[in-house]
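Visitor: One structure, pasted below without further comment.
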Amino acid sequence: MYSRAYKAAVTIPPLVWVVAFLLIPYTTLFCYSFWSVSASQTVVHNWNLQNYVKLVHDPIYVTVLLRSMMIAACVMTCALLLGYPLAYYLSFYATKRKDLLYQLVIIPLWASYLVRGYAWKTILGTDGVLNGLLQFLHITHRPVEFLLYSPFAVILTLTHIYTPFAFLPIYASLEHVPRNLVEASHDLGASPWATFRRVVLPLSLPGAIAGATFAFVLTFGDFLAPLLVGGNSGIMIANIVASDFGAAFQWPIGAAISLCMLLLVVTILFSTERLERRLKLS
Amino acid sequence: MSCQSQPERAPLLAAYAALVYAFLYFPIVVLIVYSFSSSVGGFPPHGWTLHWYRDLFGDSDLWASVLNSLIVAIFAVIIALGLGLPAALALDRAQFPGKALFRRLVLLPLILPGIITGLSLLMLFAGVGLRLSLVTITLGHGTALISVATTEIFAGLQKLDRSQEEASLDLGANYFRTFWRITLPSLRVSLIAAGLLIFTLSLDEIAVSFFLIGRENTLPLEIWSRLRQGMTPEINAISTLILLFSIATILIWHRLRTRSAPEEAPKEEPAAVFTSTIEGKTA
Amino acid sequence: MNTPLAQAAASARPPAQEPLLSIRVVEKRFGRRMVLRGISLNVAPGEFLTILGESGSGKTTLLRLIAGFEQLDRGEIWMGAERLDHLPAYRRQVNTVFQSYAIFPHLTVFENVAYGLRAKGAPQDEIPSRVNQALAMVKMEEFAQSSPSRLSGGQQQRVALARALVNRPRVLLLDEPLSALDANLRRQMQIELKSLQREVGITFLFVTHDQEEAMALSDRIALLREGVLEQIGSPREIYGHPVTAYAAQFIGQTNLLRAEVRDGIAQAGAIVWRSFGPPGLMMFSLRPECIRVVPPHALRLTPDVSVARFRGSIRNQTFGGAMDLLEIDCCNSQIIRARIPDPGPVNGEVEFEFEAKDATRVRETGPEN
């Protein structure tokens with residue numbers, strides 16, 4: 001129905017832009033990971049695998065990578081533990097004010113990442129709100145140190161930021177569980193818990209997987225929260241990349257790490273997408 | 001027989017839900033409360049004052065960065081919509097070699113850690129010798145946010161009755177006239193919603209901007225550099241203002257979307273589900 | 001014009017009259033599926049032609065090819081002396097009434113109807129009068145300034161009709177326009193459509209799957225099956241002289257009898273009748289209303305079997321107002337359906353008869369085999 005001129009007119013401009021500003025840059029990143037930096041701070045185009053070898057052998061990279069994955073896994077778990085029951089409550093029990101409650105979950109998402117990170121900084125610091133509260137209530141007599149500038153702070157902050165992200169697809173998939181199936185299950189004598197376990201949970205699994213994936217992937221690539229509240233022990237892999245591209249001027253190795261991150265993220269997304277599709281079909 | 005299949009309330013679950021809400025709002029409330037308190041940190045807050053806000057209004061550097069952010073955001077909206085609209089049309093209507101790759105490429109900046117997109121663009125600009133400035137930041141935002149526009153407009157296209165465009169052609173209007181008079185008006189809601197979303201995301205954007213910044217700061221980066229220097233409650237004040245602004249925008253956006261169609265099944269891939277609701281562009 | 005020959009002559013249309021629309025061996029495939037397999041059809045000016053078929057028969061695709069929303073793979077479509085399929089949709093003098101009406105929701109009824117006129121650059125001062133005239137034709141003048149969202153389905157459909165007709169197309173295409181209406185409204189609109197067509201004299205090309213609708217409205221019916229033109233003719237002709245078993249079954253009800261024809265006699269089990277034509281195993285179509293109950297004091301049959309008689313027991317009798325539908329079980333385990341006017345309750349074994357000329361020989365498969 002659409003003429004060839006029409007199709008060309010809508011396809012070519014975005015295609016050109018995407019090639020220029022996405023394909024070429026990502027390809028450049030790819031190439032940089034195989035080059036190195038000379039002593040005089042210039043990039044040498046000598047194609048080699050040195051950067052990757054360094055990544056595998058240098059303990060710093062491995063440590064930080066593992067720590068990043070650990071933090072991402074923790075955040076993913078906490079986001080699920082918080083987000084799923086909340087979504088379940090909203091979907092199945094909150095009939096009257098469901099829309100308002102839904103919007104209330106979304107609002108923190110819009111409070112600006114930086115703002116929320118900063119808020120946790122004020123709360124967790126040695127003379128922050130939490131310590132003040134604990135001392136006020138005479139639970140402690142001295143400021144607790146580990147709250148801030150630790151992996152704990154990073155996990156706490158990122159859980160706060162990414163729980164709404166996990167909530168959204170879970171809520172969407174719970175809303176899609178046909179209510180008549182739940183009614184049928186009750187009619188056949190199953191308790192609410194059994195109904196949940198055998199009817200609702202399996203059907204909402206695709207949404208839960210999507211939510212978990214977002215939380216994990218977004219946390220894994222985060223570099224701001226560690227800078228705000230992570231301190232030295234809370235550095236994540238993206239921070240190393242950032243500093244490689246900053247003062248350190250180690251672009252090639254930064255590129256190599258980026259590429260590894262990219263591969264990891266793409267693999268996770270690809271597998272969860274296939275998993276979701278298989279679950280939806282069965 | 002009512003459709004409510006759970007006759008009893010679930011008090012434990014409700015309490016748990018309330019706790020989750022408390023967790024989500026606690027930092028926000030702290031921020032707002034402390035922006036009015038004359039104490040710096042600690043508990044409880046004491047002294048009610050507006051002097052942080054007064055300091056804020058006299059801070060010309062900060063307002064310069066606000067202006068920068070607004071300019072960048074407006075142009076980012078123009079770029080993202082200007083390219084997202086044809087991209088959505090192309091995905092909906094055209095077949096071309098590499099279409100699947102194109103689709104994934106467009107969605108990639110959304111899914112990947114923003115740092116990777118930022119770095120890649122940095123390499124591009126360094127390669128062509130483009131100096132870092134607000135222009136590079138705008139290009140970065142525009143590129144990263146095209147996918148938001150594409151997804152939103154694509155969803156709007158699905159709701160479009162294809163036979164209306166056919167009717168317009170049938171009645172003698174050519175493709176341009178049909179697009180201008182029939183297609184575009186029915187995409188109005190999608191375009192506005194996408195524009196609002198992109199605007200807000202651009203204002204808050206840090207990850208991509210981090211690497212593309214020149215001499216002039218956007219608001220988030222200005223706040224960031226101050227944070228490095230130490231904490232002042234002035235930041236509480238500006239944060240509260242940002243918060244209020246964002247909330248207002250998102251409420252408008254949400255109202256627009258639910259007014260045009262009731263909650264419907266997000267049926268595309270997870271990335272699209274992700275973006276078709278809300279997406280906070282962070283790191 | 002009652003003899004079959006006269007009707008055939010009329011439906012073939014004398015060559016002196018140029019066909020308005022000429023569809024020549026048109027093929028269309030979607031992916032690997034052949035939707036139209038070399039259809040050829042001529043449409044005469046001023047006629048009401050219905051394209052009838054089941055879903056999947058290709059009828060809507062044919063309409064869309066004529067309108068210009070699809071491109072054909074092979075063949076040609078001509079309007080008068082000009083090639084039509086080379087023109088884009090917006091340059092064809094063809095207008096469509098869509099199944100979903102496709103009214104523009106953001107324009108008033110007036111602007112909807114004026115849309116085509118404005119697009120083609122009609123003089124500004126002419127537009128209001130032409131639009132109002134079109135609206136008057138469909139009895140929607142008072143709704144000129146209304147928003148389409150306030151209109152019922154039937155009203156929207158009239159607006160769609162006015163919007164198409166105001167442009168004075170040479171052919172009006174209607175894609176199952178009545179299928180979304182309820183039964184009463186549908187019957188009413190059928191009558192209005194027919195009289196409208198007579199009034200404006202424009203050629204109507206009407207697509208439907210409803211054979212009763214087709215028979216009520218059309219000058220001619222083109223029956224499509226799986227992308228092939230099964231039969232084309234006036235309703236009376238197709239009903240009385242179906243060419244294939246499919247045509248016989250699709251339009252109206254019928255009994256299909258497989259009979260062995262030898263020496264001018266056709267025999268299907270215990271039923272025997274006179275049949276001229278080639279010998280062999282043949283399929284015959286017998287309409288239920290052609291079967292009669294043999295009156296108790298009937299004369300004996302003539303030996304030439306121009307009237308066939310058979311016995312059967314009633315398996316089922318359904319009251320149908322003026323006619324009852326009887327399901328007769330005759331001994332060759334075949335169920336014969338008969339429509340008998342007002343027989344009262346019929347029991348046991350009864351004798352039935354029909355005229356041999358009412359058993360029409362039909363082909364079993366479609367024209368392409």
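Residue numbering restarts at 1 for every chain of the structure tokens, chains are lettered A, B, ... in their displayed order, and ligands are numbered from 1 as they appear.
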With a cut-off of 12 Å and counting only C-alpha atoms, select all residues of chain C in contact with chain A and give the selection as a PyMOL selection string.
Guide: chain C and resi 64-65+67-72+87-90
Visitor: Mind writing the picked residues with N, CA and C atoms as a PDB file, in the first residue's frame?
Guide:
ATOM      1  N   ARG C  64      -9.588  -4.921  -2.983  1.00  0.00           N
ATOM      2  CA  ARG C  64      -8.451  -4.076  -2.618  1.00  0.00           C
ATOM      3  C   ARG C  64      -7.527  -3.860  -3.805  1.00  0.00           C
ATOM      4  N   LEU C  65      -7.460  -4.840  -4.697  1.00  0.00           N
ATOM      5  CA  LEU C  65      -6.648  -4.653  -5.903  1.00  0.00           C
ATOM      6  C   LEU C  65      -7.268  -3.578  -6.789  1.00  0.00           C
ATOM      7  N   ALA C  67      -9.205  -1.172  -5.732  1.00  0.00           N
ATOM      8  CA  ALA C  67      -9.097   0.125  -5.059  1.00  0.00           C
ATOM      9  C   ALA C  67      -7.676   0.667  -5.117  1.00  0.00           C
ATOM     10  N   GLY C  68      -6.694  -0.244  -5.155  1.00  0.00           N
ATOM     11  CA  GLY C  68      -5.310   0.202  -5.230  1.00  0.00           C
ATOM     12  C   GLY C  68      -4.527   0.020  -3.949  1.00  0.00           C
ATOM     13  N   PHE C  69      -5.060  -0.750  -2.988  1.00  0.00           N
ATOM     14  CA  PHE C  69      -4.334  -0.934  -1.732  1.00  0.00           C
ATOM     15  C   PHE C  69      -3.378  -2.109  -1.799  1.00  0.00           C
ATOM     16  N   GLU C  70      -3.490  -2.914  -2.841  1.00  0.00           N
ATOM     17  CA  GLU C  70      -2.540  -4.007  -3.066  1.00  0.00           C
ATOM     18  C   GLU C  70      -2.097  -3.948  -4.514  1.00  0.00           C
ATOM     19  N   GLN C  71      -0.943  -4.530  -4.759  1.00  0.00           N
ATOM     20  CA  GLN C  71      -0.454  -4.623  -6.134  1.00  0.00           C
ATOM     21  C   GLN C  71      -0.640  -6.044  -6.629  1.00  0.00           C
ATOM     22  N   LEU C  72      -1.127  -6.192  -7.849  1.00  0.00           N
ATOM     23  CA  LEU C  72      -1.311  -7.558  -8.353  1.00  0.00           C
ATOM     24  C   LEU C  72       0.011  -8.125  -8.861  1.00  0.00           C
ATOM     25  N   LEU C  87      -2.027   2.868 -11.757  1.00  0.00           N
ATOM     26  CA  LEU C  87      -2.243   4.114 -11.044  1.00  0.00           C
ATOM     27  C   LEU C  87      -2.204   3.892  -9.539  1.00  0.00           C
ATOM     28  N   PRO C  88      -1.662   4.861  -8.777  1.00  0.00           N
ATOM     29  CA  PRO C  88      -1.764   4.760  -7.322  1.00  0.00           C
ATOM     30  C   PRO C  88      -3.206   4.962  -6.880  1.00  0.00           C
ATOM     31  N   ALA C  89      -3.506   4.527  -5.672  1.00  0.00           N
ATOM     32  CA  ALA C  89      -4.898   4.530  -5.197  1.00  0.00           C
ATOM     33  C   ALA C  89      -5.532   5.903  -5.282  1.00  0.00           C
ATOM     34  N   TYR C  90      -4.751   6.943  -5.004  1.00  0.00           N
ATOM     35  CA  TYR C  90      -5.372   8.257  -4.924  1.00  0.00           C
ATOM     36  C   TYR C  90      -5.632   8.865  -6.289  1.00  0.00           C
TER      37      TYR C  90
END
Visitor: Quick check: residues of chain A within 6 Å of chain B, only C-alpha atoms, returned as a PyMOL selection string.
Guide: chain A and resi 7+10-11+14+25-26+29+86+110-112+115+119+127-129+132-133+183+221-222
Visitor: Give the residues of chain C that lie within 12 Å of chain B; count only C-alpha atoms, and format the answer as an MDAnalysis selection string.
Guide: chainID C and resid 64:70 87:107 111:122 160:169 171:173 175
Visitor: Extract the full set of alpha helix (DSSP H) residues from region 62-282 of chain B according to DSSP on the backbone, and format it as a PyMOL selection string.
Guide: chain B and resi 62-93+99-111+114-128+134-159+162-170+175-178+184-186+188-204+207-212+219-229+233-260+270-276
Visitor: Which residues are near Arg33 (chain C)? Cut-off 12 Å, only C-alpha atoms, ignore same chain within fewer than 5 positions. Put them as a list in words.
Guide: Glu27, Lys28, Gly56, Ser57, Gly58, Glu226 and Gly227 of chain C
Visitor: Can you tell me which residues surround Ala225 (chain A) at a distance of at most 12 Å, considering only C-alpha atoms, apart from same-chain residues fewer than 2 positions away, and format the answer as a ChimeraX atom specification?
Guide: /A:68,71,113-121,148-162,218-223,227-231,234-236,238-239 /B:206-207,224,282-283
Visitor: Calculated over only C-alpha atoms, which of the candidates A:Phe30, A:Phe214, A:Phe92, A:Phe245 has the smallest distance to Trp47 (chain A)?
Guide: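 When distances to Trp47 (chain A) are compared using only C-alpha atoms, the smallest one comes from A:Phe30.
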Visitor: Run DSSP on the backbone of this structure and report the residues of region 57-214 of chain C it assigns to strand (DSSP E), as a list of chain:residue names.
Guide: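 DSSP-assigned strand (DSSP E) residues in region 57-214 of chain C: C:Arg74, C:Gly75, C:Glu76, C:Ile77, C:Trp78, C:Met79, C:Glu82, C:Arg83, C:Val94, C:Asn95, C:Thr96, C:Val97, C:Val171, C:Leu172, C:Leu173, C:Leu174, C:Asp175, C:Thr203, C:Phe204, C:Leu205, C:Phe206, C:Val207, C:Thr208.
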